[in-house]
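Participant: This one is run_30.csv, CSV, C-alpha atoms and all ligand atoms.
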chain,number,residue,atom,x,y,z
A,1,MET,CA,-27.2,-7.7,13.1
A,2,LYS,CA,-27.4,-8.7,9.4
A,3,ASN,CA,-24.2,-9.8,7.7
A,4,ILE,CA,-23.0,-7.1,5.4
A,5,LYS,CA,-21.5,-8.1,2.1
A,6,ILE,CA,-19.6,-5.5,0.1
A,7,LEU,CA,-18.4,-5.8,-3.5
A,8,ALA,CA,-15.2,-3.7,-3.7
A,9,ILE,CA,-13.3,-2.5,-6.8
A,10,GLU,CA,-9.7,-1.2,-6.9
A,11,SER,CA,-8.1,0.2,-10.1
A,12,SER,CA,-5.9,3.1,-8.9
A,13,CYS,CA,-2.7,1.9,-10.6
A,14,ASP,CA,-1.8,-1.2,-12.5
A,15,GLU,CA,-3.9,-3.8,-10.8
A,16,THR,CA,-7.5,-4.4,-11.7
A,17,ALA,CA,-9.0,-5.9,-8.6
A,18,ALA,CA,-12.4,-6.9,-7.2
A,19,ALA,CA,-13.4,-8.6,-4.0
A,20,VAL,CA,-16.4,-9.6,-1.9
A,21,VAL,CA,-15.9,-9.0,1.8
A,22,GLU,CA,-18.4,-9.9,4.5
A,23,ASN,CA,-18.5,-7.8,7.7
A,24,GLY,CA,-15.2,-6.2,6.9
A,25,ARG,CA,-13.0,-9.1,7.7
A,26,ASN,CA,-14.3,-12.2,6.0
A,27,VAL,CA,-12.8,-12.2,2.5
A,28,MET,CA,-15.1,-14.3,0.3
A,29,SER,CA,-13.2,-13.6,-2.9
A,30,ASN,CA,-10.2,-11.5,-3.8
A,31,ILE,CA,-9.4,-11.3,-7.5
A,32,ILE,CA,-6.4,-9.4,-8.9
A,33,SER,CA,-5.5,-9.0,-12.5
A,34,SER,CA,-2.0,-7.6,-12.6
A,35,GLN,CA,-0.6,-5.6,-15.6
A,36,ILE,CA,3.0,-5.9,-14.4
A,37,GLU,CA,4.1,-7.9,-17.4
A,38,ILE,CA,2.8,-5.2,-19.8
A,39,HIS,CA,4.4,-2.3,-17.9
A,40,LYS,CA,7.7,-4.1,-17.4
A,41,GLU,CA,8.5,-3.4,-21.0
A,42,TYR,CA,8.4,0.3,-20.3
A,43,GLY,CA,10.2,0.2,-17.0
A,44,GLY,CA,7.3,1.7,-15.1
A,45,VAL,CA,3.5,2.1,-15.2
A,46,VAL,CA,2.3,3.9,-18.4
A,47,PRO,CA,-1.0,5.6,-17.3
A,48,GLU,CA,-2.7,5.5,-20.6
A,49,VAL,CA,-2.0,1.8,-21.1
A,50,ALA,CA,-3.1,1.1,-17.5
A,51,SER,CA,-6.5,2.8,-18.1
A,52,ARG,CA,-7.1,0.8,-21.3
A,53,LYS,CA,-6.2,-2.5,-19.7
A,54,HIS,CA,-8.5,-1.7,-16.7
A,55,ILE,CA,-11.4,-1.2,-19.2
A,56,GLU,CA,-10.6,-4.6,-20.9
A,57,ASN,CA,-10.3,-6.4,-17.6
A,58,ILE,CA,-12.8,-5.0,-15.2
A,59,ASN,CA,-15.9,-6.8,-16.3
A,60,ASP,CA,-14.2,-10.2,-16.0
A,61,VAL,CA,-12.6,-9.4,-12.7
A,62,VAL,CA,-15.8,-8.3,-11.1
A,63,GLU,CA,-17.7,-11.3,-12.5
A,64,LYS,CA,-15.0,-13.7,-11.1
A,65,ALA,CA,-15.2,-12.0,-7.7
A,66,MET,CA,-18.9,-12.6,-7.6
A,67,GLU,CA,-18.7,-16.1,-8.8
A,68,THR,CA,-15.9,-17.1,-6.4
A,69,ALA,CA,-17.8,-15.6,-3.5
A,70,ASN,CA,-20.9,-17.5,-4.8
A,71,VAL,CA,-23.1,-14.5,-4.3
A,72,THR,CA,-25.8,-12.8,-6.4
A,73,SER,CA,-26.2,-9.0,-6.8
A,74,GLU,CA,-29.3,-9.2,-4.5
A,75,GLU,CA,-27.1,-10.5,-1.7
A,76,ILE,CA,-24.7,-7.5,-2.0
A,77,ASP,CA,-25.3,-4.7,0.4
A,78,ALA,CA,-23.1,-2.0,-1.1
A,79,VAL,CA,-20.6,-1.3,-3.9
A,80,ALA,CA,-17.3,0.2,-2.8
A,81,VAL,CA,-14.5,1.7,-5.0
A,82,THR,CA,-11.2,3.4,-4.6
A,83,TYR,CA,-11.5,7.1,-5.6
A,84,GLY,CA,-8.0,8.2,-4.9
A,85,PRO,CA,-5.1,8.7,-4.7
A,86,GLY,CA,-3.9,7.2,-7.9
A,87,LEU,CA,-3.8,7.7,-11.7
A,88,VAL,CA,-6.8,9.7,-12.7
A,89,GLY,CA,-7.7,7.6,-15.8
A,90,ALA,CA,-7.2,4.3,-14.0
A,91,LEU,CA,-9.3,5.5,-11.0
A,92,LEU,CA,-12.1,6.6,-13.4
A,93,VAL,CA,-12.5,3.1,-14.8
A,94,GLY,CA,-13.2,1.6,-11.4
A,95,ILE,CA,-15.4,4.5,-10.2
A,96,ASN,CA,-17.6,4.5,-13.3
A,97,PHE,CA,-18.0,0.7,-13.2
A,98,ALA,CA,-18.9,0.9,-9.5
A,99,LYS,CA,-21.4,3.7,-10.2
A,100,GLY,CA,-23.0,1.7,-12.9
A,101,LEU,CA,-23.4,-1.4,-10.6
A,102,SER,CA,-24.6,0.7,-7.7
A,103,TYR,CA,-27.3,2.3,-9.9
A,104,GLY,CA,-28.3,-0.9,-11.7
A,105,TRP,CA,-28.5,-3.0,-8.5
A,106,GLN,CA,-29.9,-0.1,-6.4
A,107,LYS,CA,-27.2,-0.5,-3.8
A,108,PRO,CA,-25.4,2.3,-1.9
A,109,LEU,CA,-22.0,3.4,-3.2
A,110,ILE,CA,-19.0,3.9,-0.9
A,111,GLY,CA,-15.8,5.8,-1.9
A,112,VAL,CA,-12.6,4.5,-0.2
A,113,ASN,CA,-9.1,6.1,0.0
A,114,HIS,CA,-6.5,3.8,-1.4
A,115,ILE,CA,-4.1,4.4,1.5
A,116,GLU,CA,-6.8,3.7,4.0
A,117,GLY,CA,-7.4,0.5,2.2
A,118,HIS,CA,-3.7,-0.5,2.6
A,119,ILE,CA,-3.9,0.2,6.4
A,120,ASN,CA,-7.1,-1.8,6.6
A,121,SER,CA,-5.5,-4.9,5.1
A,122,ASN,CA,-4.2,-5.5,8.6
A,123,TYR,CA,-7.7,-6.1,9.9
A,124,ILE,CA,-8.0,-8.9,7.4
A,125,GLU,CA,-4.6,-10.3,8.2
A,126,ASP,CA,-5.2,-10.3,12.0
A,127,LEU,CA,-8.8,-10.8,12.8
A,128,ASN,CA,-8.2,-9.8,16.4
A,129,LEU,CA,-6.6,-6.5,15.5
A,130,GLN,CA,-8.3,-3.4,17.0
A,131,PRO,CA,-7.3,0.2,16.9
A,132,PRO,CA,-5.3,2.1,18.1
A,133,PHE,CA,-2.1,1.1,16.3
A,134,ILE,CA,0.8,2.7,14.4
A,135,CYS,CA,0.9,1.8,10.7
A,136,LEU,CA,3.7,2.4,8.3
A,137,VAL,CA,2.3,2.5,4.8
A,138,ALA,CA,5.1,2.2,2.2
A,139,SER,CA,4.3,1.7,-1.4
A,140,GLY,CA,5.3,2.9,-4.9
A,141,GLY,CA,3.5,6.1,-4.5
A,142,HIS,CA,3.3,6.7,-0.7
A,143,THR,CA,5.3,6.6,2.5
A,144,HIS,CA,3.0,7.5,5.4
A,145,LEU,CA,3.5,7.0,9.1
A,146,THR,CA,0.0,6.9,10.5
A,147,TYR,CA,-1.6,6.7,13.9
A,148,VAL,CA,-4.8,4.7,13.5
A,149,LYS,CA,-6.9,6.2,16.4
A,150,ASP,CA,-10.1,4.3,15.6
A,151,TYR,CA,-11.8,2.6,12.7
A,152,GLY,CA,-11.7,5.2,9.9
A,153,GLU,CA,-9.8,7.7,11.9
A,154,TYR,CA,-6.2,8.5,11.0
A,155,GLU,CA,-3.5,10.9,12.0
A,156,VAL,CA,-0.7,11.3,9.6
A,157,MET,CA,2.4,11.6,11.8
A,158,GLY,CA,5.0,11.7,9.0
A,159,ALA,CA,5.2,11.4,5.2
A,160,THR,CA,7.8,11.5,2.5
A,161,ARG,CA,9.0,14.9,1.4
A,162,ASP,CA,10.2,13.6,-2.0
A,163,ASP,CA,10.4,10.0,-3.3
A,164,ALA,CA,8.2,7.3,-1.9
A,165,ALA,CA,10.1,4.3,-0.5
A,166,GLY,CA,8.9,2.0,-3.3
A,167,GLU,CA,9.8,4.6,-5.9
A,168,ALA,CA,13.4,4.7,-4.4
A,169,PHE,CA,13.6,0.9,-4.7
A,170,ASP,CA,12.3,1.0,-8.3
A,171,LYS,CA,14.8,3.8,-9.4
A,172,VAL,CA,17.8,2.2,-7.7
A,173,ALA,CA,16.9,-1.2,-9.3
A,174,ARG,CA,16.8,0.5,-12.7
A,175,SER,CA,20.2,2.0,-12.1
A,176,LEU,CA,21.5,-1.4,-11.2
A,177,GLY,CA,20.0,-2.9,-14.3
A,178,LEU,CA,17.7,-5.2,-12.3
A,179,GLY,CA,14.4,-4.5,-14.0
A,180,TYR,CA,10.9,-3.5,-12.9
A,181,PRO,CA,9.3,-3.5,-10.4
A,182,GLY,CA,12.5,-3.0,-8.4
A,183,GLY,CA,11.5,-3.8,-4.9
A,184,PRO,CA,11.3,-7.6,-5.1
A,185,LEU,CA,14.4,-7.7,-7.2
A,186,ILE,CA,16.5,-5.7,-4.8
A,187,ASP,CA,15.0,-7.7,-1.9
A,188,LYS,CA,16.3,-10.9,-3.7
A,189,ALA,CA,19.7,-9.6,-4.6
A,190,ALA,CA,20.2,-8.2,-1.1
A,191,LYS,CA,19.8,-11.6,0.4
A,192,VAL,CA,23.3,-12.6,-0.9
A,193,GLY,CA,24.9,-9.1,-0.5
A,194,LYS,CA,26.7,-7.5,2.4
A,195,ARG,CA,24.6,-4.9,4.2
A,196,ASP,CA,27.7,-3.0,5.4
A,197,ALA,CA,29.6,-3.1,2.2
A,198,ILE,CA,28.9,0.6,1.3
A,199,LYS,CA,28.0,3.3,3.7
A,200,PHE,CA,25.0,5.0,2.2
A,201,PRO,CA,23.4,8.0,4.1
A,202,ARG,CA,20.4,7.6,6.4
A,203,ALA,CA,18.1,10.6,5.9
A,204,ILE,CA,16.9,11.3,9.4
A,205,ILE,CA,16.2,15.0,8.3
A,206,ASP,CA,16.1,16.0,12.0
A,207,GLU,CA,15.5,14.4,15.3
A,208,GLU,CA,12.0,15.9,15.7
A,209,THR,CA,10.3,15.1,12.4
A,210,LEU,CA,8.7,11.8,11.4
A,211,ASP,CA,8.9,12.8,7.8
A,212,PHE,CA,11.0,10.8,5.3
A,213,SER,CA,13.3,11.7,2.4
A,214,PHE,CA,14.7,9.1,0.0
A,215,SER,CA,15.9,11.2,-2.9
A,216,GLY,CA,19.3,11.9,-1.3
A,217,LEU,CA,19.8,8.2,-0.8
A,218,LYS,CA,18.8,7.4,-4.3
A,219,SER,CA,21.3,10.0,-5.6
A,220,ALA,CA,24.0,8.6,-3.4
A,221,VAL,CA,23.6,5.2,-4.9
A,222,ILE,CA,23.6,6.6,-8.5
A,223,ASN,CA,26.8,8.6,-7.7
A,224,TYR,CA,28.4,5.6,-6.2
A,225,LEU,CA,27.7,3.6,-9.4
A,226,HIS,CA,29.0,6.5,-11.6
A,227,ASN,CA,32.2,6.9,-9.6
A,228,SER,CA,32.9,3.2,-9.6
A,229,GLN,CA,32.3,3.0,-13.4
A,230,GLN,CA,34.6,5.9,-14.0
A,231,LYS,CA,37.3,4.3,-11.9
A,232,ASN,CA,36.7,1.0,-13.7
A,233,GLU,CA,36.0,-0.6,-10.4
A,234,GLU,CA,33.9,-3.8,-10.3
A,235,ILE,CA,30.4,-3.2,-9.0
A,236,CYS,CA,28.9,-5.9,-6.8
A,237,VAL,CA,25.1,-5.5,-7.5
A,238,GLU,CA,24.2,-7.7,-4.5
A,239,ASP,CA,26.3,-5.5,-2.1
A,240,VAL,CA,24.8,-2.3,-3.4
A,241,ALA,CA,21.3,-3.7,-3.1
A,242,ALA,CA,21.9,-4.9,0.4
A,243,SER,CA,23.5,-1.7,1.6
A,244,PHE,CA,20.8,0.5,0.0
A,245,GLN,CA,18.0,-1.7,1.4
A,246,GLU,CA,19.6,-1.5,4.9
A,247,ALA,CA,19.7,2.3,4.6
A,248,VAL,CA,16.0,2.5,3.8
A,249,VAL,CA,15.0,-0.1,6.4
A,250,ASP,CA,17.0,1.6,9.1
A,251,VAL,CA,15.1,4.9,8.7
A,252,LEU,CA,11.7,3.2,8.3
A,253,VAL,CA,12.1,1.1,11.4
A,254,MET,CA,13.6,3.9,13.5
A,255,LYS,CA,10.8,6.4,12.7
A,256,THR,CA,8.0,3.8,13.1
A,257,MET,CA,9.3,2.9,16.6
A,258,LYS,CA,9.6,6.6,17.4
A,259,ALA,CA,6.0,7.1,16.4
A,260,ALA,CA,4.9,4.2,18.6
A,261,LYS,CA,6.8,5.6,21.6
A,262,GLU,CA,5.4,9.1,21.0
A,263,LYS,CA,1.8,7.8,21.1
A,264,GLY,CA,2.4,5.2,23.8
A,265,CYS,CA,1.0,2.7,21.4
A,266,LYS,CA,2.0,-1.0,21.7
A,267,THR,CA,0.8,-2.3,18.3
A,268,VAL,CA,2.7,-1.7,15.1
A,269,ALA,CA,1.6,-2.7,11.6
A,270,LEU,CA,2.9,-2.5,8.0
A,271,ALA,CA,1.1,-1.9,4.8
A,272,GLY,CA,1.7,-1.3,1.1
A,273,GLY,CA,4.0,-3.0,-1.5
A,274,VAL,CA,7.2,-2.3,0.4
A,275,ALA,CA,5.7,-4.0,3.4
A,276,SER,CA,6.6,-7.3,1.5
A,277,ASN,CA,10.3,-6.5,1.9
A,278,SER,CA,11.8,-9.4,3.8
A,279,ARG,CA,14.4,-7.3,5.6
A,280,LEU,CA,11.9,-4.7,6.7
A,281,ARG,CA,9.6,-7.4,8.1
A,282,GLU,CA,12.6,-9.0,9.9
A,283,ARG,CA,13.9,-5.8,11.4
A,284,MET,CA,10.5,-4.5,12.4
A,285,MET,CA,9.8,-7.8,14.1
A,286,GLU,CA,13.1,-7.8,16.0
A,287,GLU,CA,12.5,-4.2,17.2
A,288,CYS,CA,8.9,-5.0,18.3
A,289,GLU,CA,10.0,-8.0,20.2
A,290,LYS,CA,12.6,-5.9,22.0
A,291,TYR,CA,9.9,-3.5,23.3
A,292,ASN,CA,7.2,-6.2,23.7
A,293,TYR,CA,5.0,-4.7,21.0
A,294,LYS,CA,2.4,-6.6,19.0
A,295,PHE,CA,3.5,-6.6,15.3
A,296,VAL,CA,1.1,-7.2,12.4
A,297,LYS,CA,2.4,-7.7,8.8
A,298,PRO,CA,0.0,-8.5,6.0
A,299,SER,CA,0.7,-11.4,3.7
A,300,SER,CA,2.3,-10.4,0.3
A,301,LEU,CA,-1.1,-10.7,-1.4
A,302,LEU,CA,-2.6,-8.2,1.0
A,303,CYS,CA,0.5,-5.9,0.8
A,304,THR,CA,0.0,-5.5,-3.0
A,305,ASP,CA,-2.9,-3.5,-4.4
A,306,ASN,CA,-6.1,-5.5,-3.9
A,307,ALA,CA,-9.8,-5.0,-3.5
A,308,ALA,CA,-10.3,-7.0,-0.2
A,309,MET,CA,-8.6,-4.1,1.7
A,310,ILE,CA,-11.0,-1.7,0.0
A,311,GLY,CA,-14.0,-3.9,1.0
A,312,CYS,CA,-12.7,-3.9,4.6
A,313,ALA,CA,-12.4,-0.2,4.8
A,314,ALA,CA,-15.8,0.3,3.2
A,315,TYR,CA,-17.5,-1.9,5.8
A,316,TYR,CA,-16.4,0.5,8.6
A,317,LYS,CA,-17.9,3.4,6.5
A,318,TYR,CA,-21.1,1.4,5.9
A,319,ILE,CA,-21.8,1.0,9.6
A,320,LYS,CA,-21.3,4.7,10.0
A,321,ASN,CA,-23.6,5.5,7.1
A,322,GLN,CA,-20.8,7.2,5.1
A,323,PHE,CA,-22.0,6.8,1.6
A,324,ALA,CA,-21.1,8.5,-1.6
A,325,ASP,CA,-23.5,9.6,-4.4
A,326,SER,CA,-23.3,9.7,-8.2
A,327,SER,CA,-21.1,12.8,-8.1
A,328,LEU,CA,-18.2,10.6,-6.8
A,329,ASN,CA,-15.1,11.6,-8.8
A,330,ALA,CA,-11.5,10.5,-9.1
A,331,GLU,CA,-9.2,12.5,-6.7
A,332,PRO,CA,-5.7,11.7,-7.8
A,333,ASN,CA,-4.1,13.6,-4.8
A,334,LEU,CA,-6.6,12.5,-2.2
A,335,LYS,CA,-5.2,12.9,1.3
A,336,LEU,CA,-5.8,10.4,4.1
A,337,THR,CA,-7.3,13.1,6.3
A,338,ASN,CA,-10.1,14.2,4.0
A,339,PRO,CA,-12.4,11.2,4.0
A,340,LEU,CA,-15.5,11.2,2.0
A,341,THR,CA,-18.3,11.5,4.5
A,342,ILE,CA,-21.6,12.1,2.7
A,343,THR,CA,-23.9,10.8,5.4
A,344,LYS,CA,-27.4,9.7,4.3
B,1,LIG,O1,1.2,-0.9,-2.9
B,1,LIG,P1,1.8,-1.2,-4.2
B,1,LIG,O2,1.5,-2.6,-4.8
B,1,LIG,O3,1.3,-0.2,-5.3
B,1,LIG,C1,1.2,1.2,-5.0
B,1,LIG,O4,0.1,1.6,-4.4
B,1,LIG,O5,2.2,1.9,-5.2
B,1,LIG,O6,3.4,-1.0,-4.1
B,1,LIG,C2,4.2,-1.2,-5.2
B,1,LIG,C3,5.7,-0.9,-4.8
B,1,LIG,C4,6.7,-0.9,-5.9
B,1,LIG,O7,7.5,0.3,-5.8
B,1,LIG,C5,7.5,-2.1,-5.6
B,1,LIG,O8,8.8,-2.0,-6.1
B,1,LIG,C6,7.4,-2.2,-4.1
B,1,LIG,O9,6.1,-1.8,-3.8
B,1,LIG,N1,7.7,-3.5,-3.6
B,1,LIG,C7,8.8,-3.8,-2.8
B,1,LIG,C8,8.8,-5.2,-2.6
B,1,LIG,N2,7.7,-5.7,-3.2
B,1,LIG,C9,7.1,-4.7,-3.8
B,1,LIG,N3,9.7,-3.0,-2.3
B,1,LIG,C10,10.7,-3.6,-1.5
B,1,LIG,N4,10.8,-4.9,-1.3
B,1,LIG,C11,9.8,-5.8,-1.8
B,1,LIG,N5,9.9,-7.1,-1.5
B,2,ZN,ZN,-1.1,0.7,-3.2
Would you kindly transcribe this structure into structure tokens?
Facilitator:
Amino acid sequence: MKNIKILAIESSCDETAAAVVENGRNVMSNIISSQIEIHKEYGGVVPEVASRKHIENINDVVEKAMETANVTSEEIDAVAVTYGPGLVGALLVGINFAKGLSYGWQKPLIGVNHIEGHINSNYIEDLNLQPPFICLVASGGHTHLTYVKDYGEYEVMGATRDDAAGEAFDKVARSLGLGYPGGPLIDKAAKVGKRDAIKFPRAIIDEETLDFSFSGLKSAVINYLHNSQQKNEEICVEDVAASFQEAVVDVLVMKTMKAAKEKGCKTVALAGGVASNSRLRERMMEECEKYNYKFVKPSSLLCTDNAAMIGCAAYYKYIKNQFADSSLNAEPNLKLTNPLTITK
């Protein structure tokens, strides 16, 4: 069969990214232009600023992805783009750019779900990985426990009922005065803190559900800080960071292992920005070793928003003839279970 090369574009949040991926797993280029330095000033992503920056960057990023891969437009078989979930203005920049290329180059268009992209980053990390597997997707906007039944087939077994795991990291980091984005800063501070210094709650919700809830934990940390300040007690930022992180990781690991057991599935994977967390990776690895499960964790570059993961997911749609047409629109609240399947 002919080798399939896909140009993929991702602009759902604050990273403008483009990649060329061959046959789903061979990443020929993976260019990411991050806006973190700009949004840092505001303590979070400003949607309007993100859209404007995507417009400024997208042409260069796509050109660089094509140049690095050393391919011409004739060699590209399809153009893929994230169409949700994400910030509507940011998504529209990528979608319209992809539509323009698809029309100009006369190549099919493929719409990809951003969360599906994160899950698929594991296929790039581990070239031998095959479904089924359990994947915990934890990022700034999502916390999903998914059962990957087959390529492109997902069952959401649990999701957050309030804050996403990354959002909790970001908000707690802000309360601790650590800055933005909070996840990596808490991860670093926690390395020298005591994990059992403060007993923060573990939101199990109930024994049955695989859903998550992090807003109670976030409030517990904020209350702890307020109480300590009122009593003029010294706050050890590292201890708070380590104790908070342990509470998040405990629940993420526990529910992921429960999901694997429920499905009788012996492969566990991580995805999304929070999957970079060193303690989460360590604990999940220990737990998987205990049960003799295979454990896949994408490199930090593949955990963050990138377009290679979109190109990978798009390949499995390409081979099933799941193409989009020019009516493709941004879907800010796109769910993992409503894939775009316009079949030609
Ligand atoms: O997947 P991502 O790059 O963007 C979204 O789709 O949201 O995830 C960004 C999130 C942020 O909340 C960031 O604080 C968190 O991932 N994050 C981390 C770490 N690195 C990034 N959280 C915990 N530990 C980390 N090392
Ligand atoms: Zn993401």
Participant: If you count only C-alpha atoms, which residues fall within 6 Å of Thr146 of chain A, apart from same-chain ones fewer than 5 positions away, as a list in words?
Facilitator: Ile134, Cys135, Glu155, Val156 and Met157 of chain A
Participant: How would you write, as a ChimeraX atom specification, the set of residues no farther than 6 Å from ligand LIG 1 (chain B) when counting all atoms listed in the file?
Facilitator: /A:139-141,166-167,169-170,181-184,187,272-274,276-277,304-305
Participant: Counting only C-alpha atoms, which residues sit no farther than 12 Å from the position (22.0, 6.3, -4.0) in the file's frame? I'd like them as a ChimeraX atom specification.
Facilitator: /A:168-176,198-203,214-227,240-241,243-245,247-248
Participant: Around ligand ZN 2 (chain B), which protein and nucleic acid residues have at least one atom no more than 12 Å from it, if we count all atoms listed in the file? List them as a count of residues only.
Facilitator: 47
Participant: Using only C-alpha atoms, which residue out of A:Asn122, A:Ser327, A:Ser278, A:Gln130 lies closest to Pro298 of chain A?
Facilitator: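 Looking at the shortest contact to Pro298 of chain A, the residue is A:Asn122.
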Participant: Applying 12 Å and all atoms listed in the file, which residues near Asn26 of chain A remain after dropping the ones on its own chain fewer than 6 positions away? List them as an MDAnalysis selection string.
Facilitator: chainID A and resid 3:6 19:20 69 121 123:127 308:309 311:312 315
Participant: Go ahead and write the residues just picked, C-alpha atoms, as an mmCIF file, keeping the file's coordinate frame.
Facilitator:
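Output (selection_20.cif):
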data_model
loop_
_atom_site.group_PDB
_atom_site.id
_atom_site.type_symbol
_atom_site.label_atom_id
_atom_site.label_comp_id
_atom_site.auth_asym_id
_atom_site.auth_seq_id
_atom_site.Cartn_x
_atom_site.Cartn_y
_atom_site.Cartn_z
ATOM 1 C CA ASN A 3 -24.200 -9.800 7.700
ATOM 2 C CA ILE A 4 -23.000 -7.100 5.400
ATOM 3 C CA LYS A 5 -21.500 -8.100 2.100
ATOM 4 C CA ILE A 6 -19.600 -5.500 0.100
ATOM 5 C CA ALA A 19 -13.400 -8.600 -4.000
ATOM 6 C CA VAL A 20 -16.400 -9.600 -1.900
ATOM 7 C CA ALA A 69 -17.800 -15.600 -3.500
ATOM 8 C CA SER A 121 -5.500 -4.900 5.100
ATOM 9 C CA TYR A 123 -7.700 -6.100 9.900
ATOM 10 C CA ILE A 124 -8.000 -8.900 7.400
ATOM 11 C CA GLU A 125 -4.600 -10.300 8.200
ATOM 12 C CA ASP A 126 -5.200 -10.300 12.000
ATOM 13 C CA LEU A 127 -8.800 -10.800 12.800
ATOM 14 C CA ALA A 308 -10.300 -7.000 -0.200
ATOM 15 C CA MET A 309 -8.600 -4.100 1.700
ATOM 16 C CA GLY A 311 -14.000 -3.900 1.000
ATOM 17 C CA CYS A 312 -12.700 -3.900 4.600
ATOM 18 C CA TYR A 315 -17.500 -1.900 5.800
#
Participant: Tell me which of A:Ile55, A:Leu252, A:Leu7, A:Leu129 sits closest to Trp105 of chain A, counting only C-alpha atoms.
Facilitator: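 Closest candidate: A:Leu7.
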Participant: Between A:Tyr83, A:Phe212, A:Phe295, A:Phe97, single out the one closest to Val112 of chain A, counting only C-alpha atoms.
Facilitator: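 Answer, going by the shortest atom-to-atom distance: A:Tyr83.
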Participant: Between atom CA of Leu336 of chain A and atom CA of Ala65 of chain A, what distance in Å does the model show, to one decimal?
Facilitator: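 Taking atom CA of Leu336 of chain A and atom CA of Ala65 of chain A, their separation equals 27.0 Å.
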Participant: Point out the residue among A:Ala78, A:Tyr154, A:Gly94, A:Val49 with the least atom-to-atom distance to Thr337 of chain A, counting all atoms listed in the file.
Facilitator: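 Residue with the minimum atom-to-atom distance to Thr337 of chain A: A:Tyr154.
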Participant: With distances taken over only C-alpha atoms, which of A:Lys335, A:Lys64, A:Lys149, A:Arg161 is nearest to Cys265 of chain A?
Facilitator: A:Lys149
Participant: Between A:Val237, A:Val27, A:Ala50, A:Val61, which one has atoms that come closest to Leu185 of chain A, using only C-alpha atoms?
Facilitator: A:Val237
Participant: Would you kindly return, as a count of residues only, each protein, DNA or RNA residue with an atom no farther than 7 Å from any atom of Tyr180 of chain A, considering all atoms listed in the file and excluding same-chain residues fewer than 4 positions away?
Facilitator: 4
Participant: So how many Å separate atom CA of Leu328 of chain A and atom CA of Ala314 of chain A, to one decimal?
Facilitator: 14.6 Å
Participant: Do you know which residues lie at most 6 Å from (-10.7, 0.9, 14.8), with coordinates as in the file and only C-alpha atoms counted, and could you write them as a ChimeraX atom specification?
Facilitator: /A:130-131,150-151
Participant: In Å to one decimal, how far is atom CA of Leu210 of chain A from atom CA of Gly264 of chain A?
Facilitator: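 Atom CA of Gly264 of chain A sits 15.4 Å away from atom CA of Leu210 of chain A.
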